[in-house]
Each structure stands twice: as structure tokens, then as C-alpha cells.
file protein_31.cif (mmCIF, C-alpha atoms, pLDDT in the B column; chains and numbers go by the auth columns)
data_protein
#
loop_
_atom_site.group_PDB
_atom_site.id
_atom_site.type_symbol
_atom_site.label_atom_id
_atom_site.label_comp_id
_atom_site.label_asym_id
_atom_site.label_seq_id
_atom_site.Cartn_x
_atom_site.Cartn_y
_atom_site.Cartn_z
_atom_site.B_iso_or_equiv
_atom_site.auth_seq_id
_atom_site.auth_asym_id
ATOM 1 C CA MET A 1 0.000 0.000 0.000 87.00 1113 A
ATOM 2 C CA THR A 2 1.307 3.420 -0.938 90.00 1114 A
ATOM 3 C CA ASP A 3 -0.015 6.917 -0.324 89.00 1115 A
ATOM 4 C CA ALA A 4 -1.434 6.795 -3.860 91.00 1116 A
ATOM 5 C CA ASP A 5 -3.780 3.987 -2.718 95.00 1117 A
ATOM 6 C CA VAL A 6 -5.312 6.098 0.074 97.00 1118 A
ATOM 7 C CA ASN A 7 -8.560 7.936 -0.640 97.00 1119 A
ATOM 8 C CA LEU A 8 -9.007 7.010 -4.276 97.00 1120 A
ATOM 9 C CA PRO A 9 -11.832 9.386 -5.285 97.00 1121 A
ATOM 10 C CA ARG A 10 -14.052 6.658 -6.778 98.00 1122 A
ATOM 11 C CA VAL A 11 -13.730 4.485 -3.658 98.00 1123 A
ATOM 12 C CA VAL A 12 -14.348 7.399 -1.289 98.00 1124 A
ATOM 13 C CA ALA A 13 -17.536 8.225 -3.225 98.00 1125 A
ATOM 14 C CA GLU A 14 -18.737 4.613 -2.984 98.00 1126 A
ATOM 15 C CA VAL A 15 -18.119 4.429 0.768 98.00 1127 A
ATOM 16 C CA ARG A 16 -19.682 7.848 1.346 98.00 1128 A
ATOM 17 C CA ALA A 17 -22.824 6.698 -0.488 98.00 1129 A
ATOM 18 C CA ALA A 18 -22.994 3.506 1.604 98.00 1130 A
ATOM 19 C CA PHE A 19 -22.366 5.464 4.795 98.00 1131 A
ATOM 20 C CA GLU A 20 -25.036 8.066 3.956 97.00 1132 A
ATOM 21 C CA ARG A 21 -27.486 5.257 3.231 98.00 1133 A
ATOM 22 C CA TYR A 22 -26.676 3.801 6.650 97.00 1134 A
ATOM 23 C CA GLU A 23 -27.200 7.183 8.333 96.00 1135 A
ATOM 24 C CA ARG A 24 -30.593 7.684 6.669 96.00 1136 A
ATOM 25 C CA ALA A 25 -31.652 4.176 7.710 96.00 1137 A
ATOM 26 C CA LEU A 26 -30.450 4.741 11.265 94.00 1138 A
ATOM 27 C CA VAL A 27 -32.495 7.879 11.933 93.00 1139 A
ATOM 28 C CA ALA A 28 -35.528 6.368 10.149 94.00 1140 A
ATOM 29 C CA ASN A 29 -35.099 3.070 12.047 93.00 1141 A
ATOM 30 C CA ASP A 30 -35.094 1.181 8.746 95.00 1142 A
ATOM 31 C CA VAL A 31 -33.967 -2.083 10.301 95.00 1143 A
ATOM 32 C CA ALA A 32 -33.929 -3.954 6.978 97.00 1144 A
ATOM 33 C CA VAL A 33 -31.346 -1.578 5.502 97.00 1145 A
ATOM 34 C CA LEU A 34 -29.318 -1.485 8.729 97.00 1146 A
ATOM 35 C CA ASP A 35 -29.206 -5.284 8.769 97.00 1147 A
ATOM 36 C CA GLU A 36 -28.264 -5.363 5.082 98.00 1148 A
ATOM 37 C CA LEU A 37 -25.296 -3.044 5.609 98.00 1149 A
ATOM 38 C CA PHE A 38 -23.697 -5.158 8.356 98.00 1150 A
ATOM 39 C CA TRP A 39 -21.578 -8.169 7.397 98.00 1151 A
ATOM 40 C CA ARG A 40 -23.551 -11.351 8.078 98.00 1152 A
ATOM 41 C CA SER A 41 -20.843 -13.040 10.112 98.00 1153 A
ATOM 42 C CA PRO A 42 -20.213 -14.196 13.673 98.00 1154 A
ATOM 43 C CA HIS A 43 -17.034 -12.062 13.439 98.00 1155 A
ATOM 44 C CA THR A 44 -18.922 -8.770 13.076 98.00 1156 A
ATOM 45 C CA LEU A 45 -19.048 -6.649 16.209 98.00 1157 A
ATOM 46 C CA ARG A 46 -20.729 -3.509 17.427 98.00 1158 A
ATOM 47 C CA TYR A 47 -19.824 -1.740 20.650 98.00 1159 A
ATOM 48 C CA GLY A 48 -22.668 0.583 21.575 95.00 1160 A
ATOM 49 C CA THR A 49 -23.072 3.127 24.332 92.00 1161 A
ATOM 50 C CA THR A 50 -24.634 0.519 26.629 93.00 1162 A
ATOM 51 C CA GLU A 51 -24.017 -2.825 24.916 95.00 1163 A
ATOM 52 C CA ASN A 52 -21.300 -5.014 23.408 98.00 1164 A
ATOM 53 C CA LEU A 53 -22.650 -7.080 20.524 98.00 1165 A
ATOM 54 C CA TYR A 54 -20.678 -9.956 19.052 98.00 1166 A
ATOM 55 C CA GLY A 55 -21.825 -11.418 15.750 98.00 1167 A
ATOM 56 C CA TYR A 56 -24.373 -10.404 13.160 98.00 1168 A
ATOM 57 C CA ASP A 57 -27.214 -12.234 14.921 98.00 1169 A
ATOM 58 C CA ALA A 58 -26.706 -10.285 18.174 98.00 1170 A
ATOM 59 C CA ILE A 59 -26.566 -6.988 16.271 98.00 1171 A
ATOM 60 C CA ALA A 60 -29.744 -7.786 14.324 97.00 1172 A
ATOM 61 C CA ALA A 61 -31.565 -8.818 17.530 97.00 1173 A
ATOM 62 C CA PHE A 62 -30.542 -5.543 19.196 96.00 1174 A
ATOM 63 C CA ARG A 63 -31.800 -3.504 16.254 93.00 1175 A
ATOM 64 C CA ALA A 64 -35.116 -5.374 16.186 93.00 1176 A
ATOM 65 C CA ALA A 65 -35.720 -4.706 19.909 93.00 1177 A
ATOM 66 C CA ARG A 66 -34.431 -1.116 20.080 89.00 1178 A
ATOM 67 C CA PRO A 67 -36.982 1.676 20.557 84.00 1179 A
ATOM 68 C CA SER A 68 -37.548 3.622 17.352 82.00 1180 A
ATOM 69 C CA ALA A 69 -38.048 7.044 19.000 82.00 1181 A
ATOM 70 C CA GLY A 70 -35.334 9.631 19.585 81.00 1182 A
ATOM 71 C CA LEU A 71 -32.936 8.465 16.891 87.00 1183 A
ATOM 72 C CA GLU A 72 -32.565 11.837 15.161 90.00 1184 A
ATOM 73 C CA ARG A 73 -29.118 13.364 15.323 93.00 1185 A
ATOM 74 C CA GLU A 74 -27.017 16.082 13.795 94.00 1186 A
ATOM 75 C CA VAL A 75 -23.777 14.920 12.191 96.00 1187 A
ATOM 76 C CA LEU A 76 -21.140 17.519 13.009 97.00 1188 A
ATOM 77 C CA ARG A 77 -18.134 16.015 11.270 98.00 1189 A
ATOM 78 C CA THR A 78 -17.572 13.088 8.927 98.00 1190 A
ATOM 79 C CA GLN A 79 -14.195 11.629 8.033 98.00 1191 A
ATOM 80 C CA ILE A 80 -13.947 8.752 5.576 98.00 1192 A
ATOM 81 C CA THR A 81 -10.590 7.229 4.728 98.00 1193 A
ATOM 82 C CA THR A 82 -10.205 4.446 2.190 98.00 1194 A
ATOM 83 C CA PHE A 83 -7.275 2.097 1.699 98.00 1195 A
ATOM 84 C CA GLY A 84 -7.035 0.612 -1.769 97.00 1196 A
ATOM 85 C CA ASN A 85 -10.264 -0.514 -3.392 97.00 1197 A
ATOM 86 C CA ASP A 86 -11.816 -2.638 -0.663 98.00 1198 A
ATOM 87 C CA THR A 87 -11.175 -1.223 2.837 98.00 1199 A
ATOM 88 C CA ALA A 88 -12.405 1.931 4.562 98.00 1200 A
ATOM 89 C CA VAL A 89 -13.080 3.555 7.897 98.00 1201 A
ATOM 90 C CA ALA A 90 -15.857 6.078 8.496 98.00 1202 A
ATOM 91 C CA ASN A 91 -15.939 8.239 11.598 98.00 1203 A
ATOM 92 C CA ILE A 92 -18.402 10.882 12.687 98.00 1204 A
ATOM 93 C CA GLU A 93 -19.022 13.250 15.549 98.00 1205 A
ATOM 94 C CA PHE A 94 -22.705 13.862 16.266 97.00 1206 A
ATOM 95 C CA ARG A 95 -25.231 15.288 18.713 96.00 1207 A
ATOM 96 C CA ARG A 96 -28.638 13.867 19.456 92.00 1208 A
ATOM 97 C CA LEU A 97 -31.358 16.489 19.289 87.00 1209 A
ATOM 98 C CA GLY A 98 -31.879 17.907 22.779 87.00 1210 A
ATOM 99 C CA ASP A 99 -28.633 16.401 24.154 89.00 1211 A
ATOM 100 C CA ALA A 100 -25.532 18.548 24.637 91.00 1212 A
ATOM 101 C CA ARG A 101 -23.123 15.586 24.762 94.00 1213 A
ATOM 102 C CA LEU A 102 -20.849 14.850 21.827 97.00 1214 A
ATOM 103 C CA GLY A 103 -21.244 11.386 20.334 97.00 1215 A
ATOM 104 C CA ARG A 104 -18.706 9.509 18.267 98.00 1216 A
ATOM 105 C CA GLN A 105 -19.195 6.661 15.833 98.00 1217 A
ATOM 106 C CA SER A 106 -16.539 4.615 14.070 98.00 1218 A
ATOM 107 C CA GLN A 107 -17.131 1.984 11.427 98.00 1219 A
ATOM 108 C CA ALA A 108 -14.790 -0.323 9.545 98.00 1220 A
ATOM 109 C CA TRP A 109 -16.148 -1.109 6.065 98.00 1221 A
ATOM 110 C CA LEU A 110 -15.051 -3.840 3.655 98.00 1222 A
ATOM 111 C CA ARG A 111 -16.127 -4.461 0.081 98.00 1223 A
ATOM 112 C CA PHE A 112 -17.754 -7.861 -0.460 98.00 1224 A
ATOM 113 C CA PRO A 113 -19.244 -9.274 -3.677 97.00 1225 A
ATOM 114 C CA GLU A 114 -22.656 -7.967 -2.517 96.00 1226 A
ATOM 115 C CA GLY A 115 -21.251 -4.485 -1.756 98.00 1227 A
ATOM 116 C CA TRP A 116 -19.806 -2.449 1.108 98.00 1228 A
ATOM 117 C CA ARG A 117 -20.536 -3.826 4.599 98.00 1229 A
ATOM 118 C CA VAL A 118 -19.725 -2.722 8.150 98.00 1230 A
ATOM 119 C CA VAL A 119 -17.521 -5.318 9.836 98.00 1231 A
ATOM 120 C CA ALA A 120 -16.964 -3.446 13.104 98.00 1232 A
ATOM 121 C CA ALA A 121 -18.624 -0.435 14.716 98.00 1233 A
ATOM 122 C CA HIS A 122 -18.257 1.577 17.895 98.00 1234 A
ATOM 123 C CA VAL A 123 -20.488 4.304 19.335 97.00 1235 A
ATOM 124 C CA SER A 124 -19.609 6.320 22.427 96.00 1236 A
ATOM 125 C CA TRP A 125 -20.348 9.561 24.241 96.00 1237 A
ATOM 126 C CA MET A 126 -17.863 12.097 25.534 94.00 1238 A
ATOM 127 C CA ALA A 127 -18.483 13.222 29.099 80.00 1239 A
#

call {"tool": "encode", "arguments": {"input": "protein_31.cif", "output": "C-alpha cells"}}
result
Amino acid sequence: MTDADVNLPRVVAEVRAAFERYERALVANDVAVLDELFWRSPHTLRYGTTENLYGYDAIAAFRAARPSAGLEREVLRTQITTFGNDTAVANIEFRRLGDARLGRQSQAWLRFPEGWRVVAAHVSWMA
């Protein structure tokens, strides 16, 4: 990997589109799209603000049971970095409406034959 392989414009655009689709699905609680965008593997993980989820099945069960109210948020900063054609990380800073705390979300994305999928995610709040 060389510097020339980092942030290839075409790959950044693809990941940004997948990430924006995820964000729209998240605030709309479109569980079908959220489930689609996570890698269907026992190796997938998601660390949330109150839960540690190991494997696609645990993540899907969490999403199905999660309340659908209060999911709106303002994205304050987005940083997407791609490495070659098939690997990316997407990070955001956000605020939930009515909450002064700063939230952070990190996602590792990989390209699979069916498209870009989140293989690991982490959400946390700053004090």
C-alpha cells in the first residue's frame, strides 16, 4: 500500500454513499437496511453506548428490539478514509437532538461481492 492507494476518489464516493445510506436508515429506524449493511458473520461486532454485541445475529436482535423514537441526530463532522479498493473507515461526531453531549461513531467497512458492509462499529459519548 502506498499513499497513492489512500482515498481514491471513486472508492471514497462509494463508501460515502454507503455510509449516507446507513445514516438515513439509522435515523428512520429502517432495520432492513441497517441489517443489510452489516456483514452477516459471527465475526462482526458492534460496541454501543450501553451494549457489546458480538456477531451479526446479536446486532440484528438488538436492532429489532431497540426503541424507534429519539434516533434523530445532527452529524457535526464526517471523516472517511479508504485504503485501496476494498477497505475503509468512516468516523463521525454527532449530537442527538436535545442532548448537549458529543457522540462519536466509528465503522470499519469492507467491500464484499454484494457491496460495502460494516464489519466493526463503535459508538460512544464524551463526558

call {"tool": "resolve_selection", "arguments": {"input": "protein_31.cif", "expression": "the PyMOL selection byres ((chain A and resi 1138) around 12)", "output": "list in words"}}
result
Phe1131, Glu1132, Arg1133, Tyr1134, Glu1135, Arg1136, Ala1137, Val1139, Ala1140, Asn1141, Asp1142, Val1143, Ala1144, Val1145, Leu1146, Asp1147, Leu1149, Arg1175, Arg1178, Pro1179, Ser1180, Ala1181, Gly1182, Leu1183, Glu1184 and Arg1185 of chain A

call {"tool": "atom_distance", "arguments": {"input": "protein_31.cif", "atom1": "CA of Thr1194 in chain A", "atom2": "CA of Asp1169 in chain A"}}
result
27.0 Å

call {"tool": "closest_atom_pairs", "arguments": {"input": "protein_31.cif", "of": "range 1122-1189 of chain A", "to": "range 1218-1227 of chain A", "cutoff": "12 Å", "atoms": "all atoms listed in the file", "output": "tab-separated table"}}
result
residue	atom	partner	partner_atom	distance
A:Val1123	CA	A:Arg1223	CA	10.0
A:Val1124	CA	A:Trp1221	CA	11.4
A:Glu1126	CA	A:Gly1227	CA	9.5
A:Val1127	CA	A:Trp1221	CA	7.9
A:Arg1128	CA	A:Trp1221	CA	10.7
A:Ala1129	CA	A:Gly1227	CA	11.4
A:Ala1130	CA	A:Gly1227	CA	8.8
A:Phe1131	CA	A:Trp1221	CA	9.1
A:Tyr1134	CA	A:Gln1219	CA	10.8
A:Glu1135	CA	A:Gln1219	CA	11.7
A:Glu1148	CA	A:Glu1226	CA	9.8
A:Leu1149	CA	A:Gly1227	CA	8.5
A:Phe1150	CA	A:Trp1221	CA	8.9
A:Trp1151	CA	A:Leu1222	CA	8.7
A:Arg1152	CA	A:Phe1224	CA	10.9
A:Thr1156	CA	A:Ala1220	CA	10.0
A:Leu1157	CA	A:Gln1219	CA	10.1
A:Arg1158	CA	A:Gln1219	CA	8.9
A:Tyr1159	CA	A:Ser1218	CA	9.7
A:Gly1160	CA	A:Ser1218	CA	10.5
A:Arg1189	CA	A:Ser1218	CA	11.8

call {"tool": "closest_residue", "arguments": {"input": "protein_31.cif", "among": "A:Tyr1168, A:His1155, A:Gly1196, A:Thr1190", "to": "Leu1120 in chain A", "atoms": "all atoms listed in the file"}}
result
A:Gly1196

call {"tool": "atom_distance", "arguments": {"input": "protein_31.cif", "atom1": "CA of Ser1236 in chain A", "atom2": "CA of Gly1210 in chain A"}}
result
16.9 Å

call {"tool": "closest_residue", "arguments": {"input": "protein_31.cif", "among": "A:Asp1117, A:Glu1186, A:Ile1192, A:Ser1153", "to": "Ala1170 in chain A", "atoms": "all atoms listed in the file"}}
result
A:Ser1153

call {"tool": "atom_distance", "arguments": {"input": "protein_31.cif", "atom1": "CA of Ala1125 in chain A", "atom2": "CA of Arg1207 in chain A"}}
result
24.3 Å
